[in-house]
Structure formats: C-alpha cells, structure tokens
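Trainee: Contents of start_10.pdb (PDB, C-alpha atoms and all ligand atoms) are below:
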```pdb
ATOM      1  CA  MET B   1      -8.002 -16.938  25.264  1.00  0.00           C
ATOM      2  CA  LEU B   2      -6.703 -15.519  21.969  1.00  0.00           C
ATOM      3  CA  LYS B   3      -4.480 -12.546  22.714  1.00  0.00           C
ATOM      4  CA  ILE B   4      -4.520 -10.018  19.906  1.00  0.00           C
ATOM      5  CA  ALA B   5      -2.539  -6.864  19.206  1.00  0.00           C
ATOM      6  CA  VAL B   6      -4.388  -4.380  17.012  1.00  0.00           C
ATOM      7  CA  PHE B   7      -2.406  -2.017  14.760  1.00  0.00           C
ATOM      8  CA  VAL B   8      -4.052   1.279  13.744  1.00  0.00           C
ATOM      9  CA  SER B   9      -3.150   4.529  11.995  1.00  0.00           C
ATOM     10  CA  GLY B  10      -6.230   6.739  12.070  1.00  0.00           C
ATOM     11  CA  ARG B  11      -9.925   6.873  12.860  1.00  0.00           C
ATOM     12  CA  GLY B  12     -10.183   3.408  14.434  1.00  0.00           C
ATOM     13  CA  SER B  13     -13.670   2.331  13.399  1.00  0.00           C
ATOM     14  CA  ASN B  14     -12.472  -1.254  12.808  1.00  0.00           C
ATOM     15  CA  LEU B  15     -10.809  -1.250  16.237  1.00  0.00           C
ATOM     16  CA  LYS B  16     -14.144  -0.129  17.716  1.00  0.00           C
ATOM     17  CA  ALA B  17     -15.948  -2.886  15.820  1.00  0.00           C
ATOM     18  CA  ILE B  18     -13.586  -5.460  17.356  1.00  0.00           C
ATOM     19  CA  ILE B  19     -13.952  -3.997  20.855  1.00  0.00           C
ATOM     20  CA  ASN B  20     -17.757  -3.880  20.519  1.00  0.00           C
ATOM     21  CA  SER B  21     -17.798  -7.539  19.429  1.00  0.00           C
ATOM     22  CA  ILE B  22     -15.885  -8.789  22.457  1.00  0.00           C
ATOM     23  CA  PRO B  23     -18.827  -9.107  24.901  1.00  0.00           C
ATOM     24  CA  HIS B  24     -21.153 -11.108  22.652  1.00  0.00           C
ATOM     25  CA  GLN B  25     -19.122 -12.571  19.753  1.00  0.00           C
ATOM     26  CA  LEU B  26     -15.458 -12.613  20.724  1.00  0.00           C
ATOM     27  CA  GLU B  27     -15.744 -13.801  24.319  1.00  0.00           C
ATOM     28  CA  ASN B  28     -12.469 -15.717  24.093  1.00  0.00           C
ATOM     29  CA  VAL B  29     -10.492 -12.805  22.612  1.00  0.00           C
ATOM     30  CA  GLU B  30      -8.470 -10.301  24.591  1.00  0.00           C
ATOM     31  CA  ILE B  31      -6.809  -7.146  23.227  1.00  0.00           C
ATOM     32  CA  SER B  32      -3.380  -7.061  24.847  1.00  0.00           C
ATOM     33  CA  ALA B  33      -2.210  -3.881  23.102  1.00  0.00           C
ATOM     34  CA  VAL B  34      -3.096  -1.308  20.469  1.00  0.00           C
ATOM     35  CA  ILE B  35      -0.151  -0.101  18.404  1.00  0.00           C
ATOM     36  CA  SER B  36       0.082   2.917  16.132  1.00  0.00           C
ATOM     37  CA  ASP B  37       2.621   4.595  13.878  1.00  0.00           C
ATOM     38  CA  LYS B  38       0.878   7.925  14.660  1.00  0.00           C
ATOM     39  CA  LYS B  39       1.346   9.331  18.149  1.00  0.00           C
ATOM     40  CA  ASP B  40      -1.969  11.167  18.363  1.00  0.00           C
ATOM     41  CA  CYS B  41      -4.418   9.328  16.147  1.00  0.00           C
ATOM     42  CA  PRO B  42      -8.055   8.990  17.329  1.00  0.00           C
ATOM     43  CA  ALA B  43      -7.788   5.181  17.412  1.00  0.00           C
ATOM     44  CA  LEU B  44      -4.896   5.269  19.891  1.00  0.00           C
ATOM     45  CA  ASP B  45      -6.663   7.883  22.051  1.00  0.00           C
ATOM     46  CA  TYR B  46      -9.787   5.718  22.062  1.00  0.00           C
ATOM     47  CA  ALA B  47      -7.875   2.626  23.226  1.00  0.00           C
ATOM     48  CA  GLU B  48      -6.041   4.646  25.872  1.00  0.00           C
ATOM     49  CA  GLY B  49      -9.376   5.965  27.155  1.00  0.00           C
ATOM     50  CA  LEU B  50     -10.527   2.386  27.659  1.00  0.00           C
ATOM     51  CA  GLY B  51      -7.411   1.542  29.629  1.00  0.00           C
ATOM     52  CA  ILE B  52      -5.938  -0.692  26.933  1.00  0.00           C
ATOM     53  CA  LYS B  53      -2.137  -0.752  26.686  1.00  0.00           C
ATOM     54  CA  THR B  54      -1.045   1.494  23.796  1.00  0.00           C
ATOM     55  CA  LEU B  55       2.293   1.714  22.032  1.00  0.00           C
ATOM     56  CA  PHE B  56       3.678   4.179  19.513  1.00  0.00           C
ATOM     57  CA  VAL B  57       6.075   2.627  17.007  1.00  0.00           C
ATOM     58  CA  SER B  58       8.367   4.411  14.590  1.00  0.00           C
ATOM     59  CA  GLU B  59      11.907   4.086  13.314  1.00  0.00           C
ATOM     60  CA  LYS B  60      12.477   7.858  13.473  1.00  0.00           C
ATOM     61  CA  ASP B  61      10.649   9.515  16.363  1.00  0.00           C
ATOM     62  CA  PRO B  62      12.741   9.577  19.573  1.00  0.00           C
ATOM     63  CA  GLN B  63       9.526   9.354  21.648  1.00  0.00           C
ATOM     64  CA  SER B  64       8.595   6.026  20.096  1.00  0.00           C
ATOM     65  CA  ILE B  65       9.692   2.425  20.401  1.00  0.00           C
ATOM     66  CA  ASN B  66      11.186   0.787  17.296  1.00  0.00           C
ATOM     67  CA  TYR B  67      10.061  -2.441  15.632  1.00  0.00           C
ATOM     68  CA  GLU B  68      12.766  -4.488  17.353  1.00  0.00           C
ATOM     69  CA  ASN B  69      11.439  -3.378  20.766  1.00  0.00           C
ATOM     70  CA  LEU B  70       7.887  -3.947  19.566  1.00  0.00           C
ATOM     71  CA  ILE B  71       8.581  -7.567  18.592  1.00  0.00           C
ATOM     72  CA  GLN B  72      10.023  -8.197  22.061  1.00  0.00           C
ATOM     73  CA  ILE B  73       7.042  -6.550  23.763  1.00  0.00           C
ATOM     74  CA  LEU B  74       4.500  -8.479  21.669  1.00  0.00           C
ATOM     75  CA  CYS B  75       6.297 -11.750  22.371  1.00  0.00           C
ATOM     76  CA  GLY B  76       6.384 -10.834  26.078  1.00  0.00           C
ATOM     77  CA  LEU B  77       2.617 -10.266  25.961  1.00  0.00           C
ATOM     78  CA  LYS B  78       2.260 -13.744  24.403  1.00  0.00           C
ATOM     79  CA  THR B  79       0.502 -12.274  21.380  1.00  0.00           C
ATOM     80  CA  ASP B  80      -1.306 -14.955  19.348  1.00  0.00           C
ATOM     81  CA  LEU B  81      -2.485 -12.728  16.521  1.00  0.00           C
ATOM     82  CA  ILE B  82      -1.662  -9.311  15.084  1.00  0.00           C
ATOM     83  CA  VAL B  83      -4.596  -7.542  13.442  1.00  0.00           C
ATOM     84  CA  LEU B  84      -3.885  -4.672  11.060  1.00  0.00           C
ATOM     85  CA  ALA B  85      -7.075  -2.627  11.341  1.00  0.00           C
ATOM     86  CA  GLY B  86      -6.359   0.414   9.198  1.00  0.00           C
ATOM     87  CA  PHE B  87      -2.590   0.327   9.722  1.00  0.00           C
ATOM     88  CA  LEU B  88      -1.079   2.084   6.749  1.00  0.00           C
ATOM     89  CA  LYS B  89       2.658   1.435   7.130  1.00  0.00           C
ATOM     90  CA  LYS B  90       4.384  -1.612   5.672  1.00  0.00           C
ATOM     91  CA  ILE B  91       5.160  -4.226   8.322  1.00  0.00           C
ATOM     92  CA  PRO B  92       8.930  -4.904   8.442  1.00  0.00           C
ATOM     93  CA  ASP B  93      10.089  -8.342   7.282  1.00  0.00           C
ATOM     94  CA  GLU B  94      11.546  -9.130  10.700  1.00  0.00           C
ATOM     95  CA  MET B  95       8.125  -8.813  12.263  1.00  0.00           C
ATOM     96  CA  ILE B  96       6.569 -11.106   9.651  1.00  0.00           C
ATOM     97  CA  GLU B  97       9.306 -13.690  10.270  1.00  0.00           C
ATOM     98  CA  ASN B  98       8.532 -13.581  14.009  1.00  0.00           C
ATOM     99  CA  PHE B  99       4.783 -14.028  13.496  1.00  0.00           C
ATOM    100  CA  PRO B 100       4.338 -16.425  10.542  1.00  0.00           C
ATOM    101  CA  ASN B 101       0.663 -16.663   9.512  1.00  0.00           C
ATOM    102  CA  LYS B 102      -0.186 -14.726  12.644  1.00  0.00           C
ATOM    103  CA  ILE B 103      -0.705 -11.315  11.053  1.00  0.00           C
ATOM    104  CA  ILE B 104      -3.945 -10.447   9.273  1.00  0.00           C
ATOM    105  CA  ASN B 105      -4.972  -7.267   7.472  1.00  0.00           C
ATOM    106  CA  ILE B 106      -8.259  -5.766   6.368  1.00  0.00           C
ATOM    107  CA  HIS B 107      -8.190  -4.134   2.950  1.00  0.00           C
ATOM    108  CA  PRO B 108     -11.124  -2.077   1.606  1.00  0.00           C
ATOM    109  CA  ALA B 109     -11.340  -3.716  -1.848  1.00  0.00           C
ATOM    110  CA  LEU B 110     -11.577  -7.140  -3.411  1.00  0.00           C
ATOM    111  CA  LEU B 111      -7.944  -8.244  -3.655  1.00  0.00           C
ATOM    112  CA  PRO B 112      -5.943  -9.000  -5.732  1.00  0.00           C
ATOM    113  CA  SER B 113      -7.441  -5.936  -7.474  1.00  0.00           C
ATOM    114  CA  PHE B 114      -6.757  -2.467  -6.095  1.00  0.00           C
ATOM    115  CA  GLY B 115      -3.960  -3.487  -3.724  1.00  0.00           C
ATOM    116  CA  GLY B 116      -0.274  -2.665  -3.398  1.00  0.00           C
ATOM    117  CA  LYS B 117       1.770   0.372  -2.443  1.00  0.00           C
ATOM    118  CA  GLY B 118      -0.246   3.591  -2.216  1.00  0.00           C
ATOM    119  CA  MET B 119      -3.527   1.680  -2.305  1.00  0.00           C
ATOM    120  CA  TYR B 120      -5.096   2.494   1.024  1.00  0.00           C
ATOM    121  CA  GLY B 121      -8.164   4.292   2.322  1.00  0.00           C
ATOM    122  CA  MET B 122      -9.832   6.669  -0.129  1.00  0.00           C
ATOM    123  CA  ASN B 123      -7.189   6.044  -2.826  1.00  0.00           C
ATOM    124  CA  VAL B 124      -8.675   2.561  -3.164  1.00  0.00           C
ATOM    125  CA  HIS B 125     -12.282   3.729  -3.397  1.00  0.00           C
ATOM    126  CA  LYS B 126     -11.386   6.446  -5.946  1.00  0.00           C
ATOM    127  CA  ALA B 127      -9.672   3.853  -8.143  1.00  0.00           C
ATOM    128  CA  VAL B 128     -12.625   1.481  -7.833  1.00  0.00           C
ATOM    129  CA  PHE B 129     -14.997   4.341  -8.762  1.00  0.00           C
ATOM    130  CA  GLU B 130     -12.883   5.518 -11.709  1.00  0.00           C
ATOM    131  CA  ASN B 131     -12.737   1.984 -13.112  1.00  0.00           C
ATOM    132  CA  SER B 132     -16.525   1.869 -13.024  1.00  0.00           C
ATOM    133  CA  CYS B 133     -16.477  -1.301 -10.901  1.00  0.00           C
ATOM    134  CA  GLN B 134     -19.971  -2.551 -10.170  1.00  0.00           C
ATOM    135  CA  ILE B 135     -18.972  -4.470  -7.048  1.00  0.00           C
ATOM    136  CA  SER B 136     -16.395  -3.856  -4.351  1.00  0.00           C
ATOM    137  CA  GLY B 137     -15.991  -5.100  -0.801  1.00  0.00           C
ATOM    138  CA  PRO B 138     -13.495  -5.826   1.942  1.00  0.00           C
ATOM    139  CA  THR B 139     -10.818  -8.517   2.005  1.00  0.00           C
ATOM    140  CA  VAL B 140      -9.194 -10.011   5.093  1.00  0.00           C
ATOM    141  CA  HIS B 141      -5.899 -11.707   4.299  1.00  0.00           C
ATOM    142  CA  PHE B 142      -2.727 -13.034   5.888  1.00  0.00           C
ATOM    143  CA  VAL B 143       0.175 -10.608   5.690  1.00  0.00           C
ATOM    144  CA  ASP B 144       3.381 -11.652   3.964  1.00  0.00           C
ATOM    145  CA  LYS B 145       6.418  -9.659   2.878  1.00  0.00           C
ATOM    146  CA  ILE B 146       4.693  -8.160  -0.177  1.00  0.00           C
ATOM    147  CA  TYR B 147       1.980  -5.476   0.139  1.00  0.00           C
ATOM    148  CA  ASP B 148      -1.575  -6.920   0.048  1.00  0.00           C
ATOM    149  CA  ASN B 149      -0.270 -10.205  -1.315  1.00  0.00           C
ATOM    150  CA  GLY B 150      -0.845 -12.794   1.428  1.00  0.00           C
ATOM    151  CA  LYS B 151      -3.449 -15.523   1.179  1.00  0.00           C
ATOM    152  CA  ILE B 152      -7.030 -14.331   1.209  1.00  0.00           C
ATOM    153  CA  ILE B 153      -9.062 -15.519   4.199  1.00  0.00           C
ATOM    154  CA  ALA B 154     -12.443 -13.888   3.593  1.00  0.00           C
ATOM    155  CA  GLN B 155     -14.119 -11.423   1.234  1.00  0.00           C
ATOM    156  CA  LYS B 156     -17.595 -10.001   0.887  1.00  0.00           C
ATOM    157  CA  ALA B 157     -18.946  -8.467  -2.303  1.00  0.00           C
ATOM    158  CA  VAL B 158     -20.905  -5.219  -2.034  1.00  0.00           C
ATOM    159  CA  ASP B 159     -23.135  -3.918  -4.852  1.00  0.00           C
ATOM    160  CA  ILE B 160     -21.958  -0.433  -5.832  1.00  0.00           C
ATOM    161  CA  SER B 161     -23.699  -0.235  -9.217  1.00  0.00           C
ATOM    162  CA  ASP B 162     -25.741   2.826  -8.185  1.00  0.00           C
ATOM    163  CA  VAL B 163     -23.121   4.915  -6.328  1.00  0.00           C
ATOM    164  CA  LYS B 164     -22.478   8.531  -7.320  1.00  0.00           C
ATOM    165  CA  THR B 165     -19.194   9.121  -5.452  1.00  0.00           C
ATOM    166  CA  PRO B 166     -16.170   7.249  -4.054  1.00  0.00           C
ATOM    167  CA  ASP B 167     -17.352   8.309  -0.582  1.00  0.00           C
ATOM    168  CA  GLU B 168     -20.483   6.249  -1.037  1.00  0.00           C
ATOM    169  CA  ILE B 169     -18.343   3.212  -1.867  1.00  0.00           C
ATOM    170  CA  ALA B 170     -16.228   3.812   1.241  1.00  0.00           C
ATOM    171  CA  GLU B 171     -19.325   4.005   3.418  1.00  0.00           C
ATOM    172  CA  ARG B 172     -20.847   0.790   2.067  1.00  0.00           C
ATOM    173  CA  VAL B 173     -17.597  -1.170   2.240  1.00  0.00           C
ATOM    174  CA  LEU B 174     -16.772   0.058   5.757  1.00  0.00           C
ATOM    175  CA  LYS B 175     -20.071  -1.243   7.119  1.00  0.00           C
ATOM    176  CA  ILE B 176     -19.152  -4.712   5.871  1.00  0.00           C
ATOM    177  CA  GLU B 177     -15.571  -4.408   7.147  1.00  0.00           C
ATOM    178  CA  HIS B 178     -17.014  -4.051  10.641  1.00  0.00           C
ATOM    179  CA  ILE B 179     -18.704  -7.432  10.266  1.00  0.00           C
ATOM    180  CA  LEU B 180     -16.011  -9.299   8.322  1.00  0.00           C
ATOM    181  CA  LEU B 181     -13.012  -8.529  10.550  1.00  0.00           C
ATOM    182  CA  PRO B 182     -14.627  -9.668  13.850  1.00  0.00           C
ATOM    183  CA  PHE B 183     -15.940 -12.756  11.991  1.00  0.00           C
ATOM    184  CA  VAL B 184     -12.420 -13.771  10.902  1.00  0.00           C
ATOM    185  CA  ILE B 185     -10.963 -13.089  14.369  1.00  0.00           C
ATOM    186  CA  LYS B 186     -13.675 -15.290  15.862  1.00  0.00           C
ATOM    187  CA  LYS B 187     -12.908 -18.116  13.446  1.00  0.00           C
ATOM    188  CA  ILE B 188      -9.189 -17.865  14.259  1.00  0.00           C
ATOM    189  CA  SER B 189      -9.996 -17.899  17.997  1.00  0.00           C
ATOM    190  CA  GLU B 190     -11.964 -21.121  17.412  1.00  0.00           C
ATOM    191  CA  ASN B 191      -9.131 -22.666  15.389  1.00  0.00           C
ATOM    192  CA  LYS B 192     -11.442 -22.975  12.411  1.00  0.00           C
ATOM    193  CA  ILE B 193      -9.142 -21.549   9.768  1.00  0.00           C
ATOM    194  CA  SER B 194      -6.815 -23.867   7.873  1.00  0.00           C
ATOM    195  CA  ILE B 195      -4.630 -23.729   4.766  1.00  0.00           C
ATOM    196  CA  LYS B 196      -4.787 -26.667   2.346  1.00  0.00           C
ATOM    197  CA  ASN B 197      -3.467 -26.838  -1.215  1.00  0.00           C
ATOM    198  CA  ASN B 198      -2.573 -23.160  -1.081  1.00  0.00           C
ATOM    199  CA  ARG B 199      -6.123 -22.123  -0.201  1.00  0.00           C
ATOM    200  CA  VAL B 200      -7.616 -20.904   3.052  1.00  0.00           C
ATOM    201  CA  TYR B 201     -10.660 -22.768   4.367  1.00  0.00           C
ATOM    202  CA  ILE B 202     -13.025 -21.636   7.114  1.00  0.00           C
ATOM    203  CA  ALA B 203     -14.933 -24.364   8.945  1.00  0.00           C
ATOM    204  CA  GLU B 204     -18.514 -23.802  10.113  1.00  0.00           C
TER     205      GLU B 204
HETATM  206  C1  LIG Q 301     -10.379   0.907   6.518  1.00  0.00           C
HETATM  207  O1  LIG Q 301     -11.262   1.147   5.466  1.00  0.00           O
HETATM  208  C2  LIG Q 301      -9.368  -0.162   6.140  1.00  0.00           C
HETATM  209  O2  LIG Q 301      -9.898  -1.156   5.296  1.00  0.00           O
HETATM  210  C3  LIG Q 301      -8.348   0.651   5.400  1.00  0.00           C
HETATM  211  O3  LIG Q 301      -8.214   1.836   6.159  1.00  0.00           O
HETATM  212  C4  LIG Q 301      -9.478   2.123   6.763  1.00  0.00           C
HETATM  213  C5  LIG Q 301      -9.249   2.372   8.231  1.00  0.00           C
HETATM  214  O4  LIG Q 301     -10.434   2.805   8.839  1.00  0.00           O
HETATM  215  N1  LIG Q 301      -7.111  -0.054   5.273  1.00  0.00           N
HETATM  216  C6  LIG Q 301      -6.324   0.045   4.216  1.00  0.00           C
HETATM  217  O5  LIG Q 301      -6.583   0.769   3.272  1.00  0.00           O
HETATM  218  C7  LIG Q 301      -5.095  -0.835   4.244  1.00  0.00           C
HETATM  219  N2  LIG Q 301      -4.523  -0.959   2.939  1.00  0.00           N
HETATM  220  P1  LIG Q 301     -10.607   2.748  10.410  1.00  0.00           P
HETATM  221  O6  LIG Q 301      -9.379   3.450  11.009  1.00  0.00           O
HETATM  222  O7  LIG Q 301     -11.860   3.525  10.671  1.00  0.00           O
HETATM  223  O8  LIG Q 301     -10.691   1.326  10.840  1.00  0.00           O
END
```
Show me, as structure tokens, the structure contained in the file I just sent.
Ligand code: GAR

Mentor:
Amino acid sequence: MLKIAVFVSGRGSNLKAIINSIPHQLENVEISAVISDKKDCPALDYAEGLGIKTLFVSEKDPQSINYENLIQILCGLKTDLIVLAGFLKKIPDEMIENFPNKIINIHPALLPSFGGKGMYGMNVHKAVFENSCQISGPTVHFVDKIYDNGKIIAQKAVDISDVKTPDEIAERVLKIEHILLPFVIKKISENKISIKNNRVYIAE
C-alpha cells in the first residue's frame, strides 16, 4: 500500500480526482492525510466530510501546526509520497530534505515555461494566453528546493490554438490534470518510475 499525503490550498478538484481514482485505478493507494495552509478551504472541508485525517499547517496561525510538527506527523503516518495538488505555498527546505524524491507537484503549464514564484492558478493561464501559446498542458514533477524546478515526470500537451480566454485554457488543462496526476501516482505505487542519466523514465 502506498500511503500518500495530499497538500491542497483551494477548490480541491485534483484531490477529488485522486479520491475518485482509488476504487478502480489506485487500489493500492491510501490517503493518510490531507494538509492545507488554509483553514477553511473547500478541499479540506471535502476531505473532512469523507472522514480523512486533515491538518492545517502554518508558521503564523496559533490554531495550526507548524512544518516541524507536520514532518513528525507525516513520518509517524509512514507517508511514502507527498502530493501537492494545488498547494500554493513553497515547501520548506527541511521538509524536502526529509522526503527526498518523495514529493510531487502538479503545475498547470508545460514546465520549464511559465513556472516560478507567482506562477500559479490563473496567473499561469493568463501568461500563456498573453504569449499567444498554441499549446499548453499540465506537468507533474518532483519537488526540489527551487520553485517548479524539480525533474519532470510527465506532461501532456493540450491544443489551445482556438481559445478566446485564459479561462478556456484553464478548463482544458484542468481536465487533463485530473487524468495525469492519478496516472503518475499509480506508476509510483507500482514502482515504475526511475531516474537515469538525469531523466525520469516511466515503465509500461
Ligand atoms: C490546479 O490547476 C493546479 O495545477 C494549480 O492549482 C490548481 C488547483 O486546482 N497548481 C499550481 O498552480 C501550482 N503552481 P484544484 O484545487 O481544483 O486541484
């Protein structure tokens, strides 16, 4: 069983896509906790409603746990993989050191373009639109200490040559995110992802 902790900050559609994939695609995956930097976001409420353990992490809010506590809790839960599914805060270095190559992120553009600080959610799609890009698409990558910089695991190109608004790009890319993220989690659960010569390979 691959035990995953899912980090969220908002709506939670990627979290839902993971949860919905568990019965038929991710049978050997278990969500041990859902973590958010926002106390009341819909994603956290959704997980709570399903009886999944939820945690609120922040360095400032007295009602929250801090990252040091969180690392201990995740280790205690024997977390195999951390999935950033729309988590918009930077992960502290200490956490990355504790989970080397065990943190993945979904980004709504084709990295290494349109990544980095401030590049999240609609900001990304607006930039893609304004640059008149003809394709976009999600990227799933390992998380290292630099924003959106870790090795790319999987990407999927989406034709956006006929879109009229950034919202249309967001809608098209999100649909593919919901397929790509569960796919990568499945491959990790099957031990089918390896790194050779600085590249990530996914076995059939
Ligand atoms: C998704 O589009 C995800 O790719 C993006 O936030 C959205 C969260 O939606 N993540 C980033 O921009 C990270 N840089 P969701 O809460 O409905 O899953």

Trainee: Which residues match the PyMOL selection byres (((chain B and resi 161-166) around 7) and not hetatm) in the file above, as a PyMOL selection string?

Mentor: chain B and resi 125-126+129+134-135+159-160+167-170

Trainee: Can you tell me which residues come within 8 Å of ligand LIG 301 (chain Q) when counting all atoms listed in the file, ideally as a ChimeraX atom specification?

Mentor: /B:8-16,43,84-88,105-109,115-116,119-122,124,138,148,170,173-174,177

Trainee: Mind giving me the straight-line distance from atom CA of Asp80 of chain B to atom CA of Lys175 of chain B in Å, one decimal?

Mentor: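 A separation of 26.3 Å between them.
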
Trainee: Can you give me, as a list in words, the residues this file yields under the PyMOL selection byres (((chain B and resi 153) around 8) and not hetatm)?

Mentor: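 Given this file, the PyMOL selection byres (((chain B and resi 153) around 8) and not hetatm) evaluates to Thr139, Val140, His141, Phe142, Lys151, Ile152, Ala154, Gln155, Val184, Val200, Tyr201 and Ile202 of chain B.
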
Trainee: Please determine the residues with any atom at most 7 Å from (-0.3, -10.4, 14.1) (coordinates as given in the file, with all atoms listed in the file counting) and report them as a PyMOL selection string.

Mentor: chain B and resi 5+81-83+99+102-104

Trainee: In terms of the shortest atom-to-atom distance over all atoms listed in the file, which of B:Glu27, B:Glu204, B:Glu190, B:Asp144 is closest to Lys90 of chain B?

Mentor: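 Counting all atoms listed in the file, the residue closest to Lys90 of chain B is B:Asp144.
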
Trainee: When the PyMOL selection byres (((chain B and resi 2) around 12) and not hetatm) is applied to the structure above, which residues does it catch, written out as a PyMOL selection string?

Mentor: chain B and resi 1+3-5+22+26-32+77-83+102+185-191

Trainee: What separation in Å, quoted to one decimal, exists between atom CA of Ile176 of chain B and atom CA of Ala157 of chain B?

Mentor: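 For atom CA of Ile176 of chain B relative to atom CA of Ala157 of chain B, the distance reads 9.0 Å.
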
Trainee: Between atom CA of Phe114 of chain B and atom CA of Phe7 of chain B, what is the distance, to one decimal in Å?

Mentor: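 Between these atoms lies a distance of 21.3 Å.
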
Trainee: Compile the contact shell of segment 47-64 of chain B as an NGL selection string: residues with an atom at most 8 Å away, counting only C-alpha atoms, same-chain residues fewer than 5 positions apart removed.

Mentor: :B and (31-39 or 70)

Trainee: Identify which of the residues B:Lys156, B:His24, B:Lys145, B:Arg172 lies closest to Leu111 of chain B, counting only C-alpha atoms when measuring atom-to-atom distances.

Mentor: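 Of B:Lys156, B:His24, B:Lys145, B:Arg172, the one nearest Leu111 of chain B is B:Lys156, counting only C-alpha atoms.
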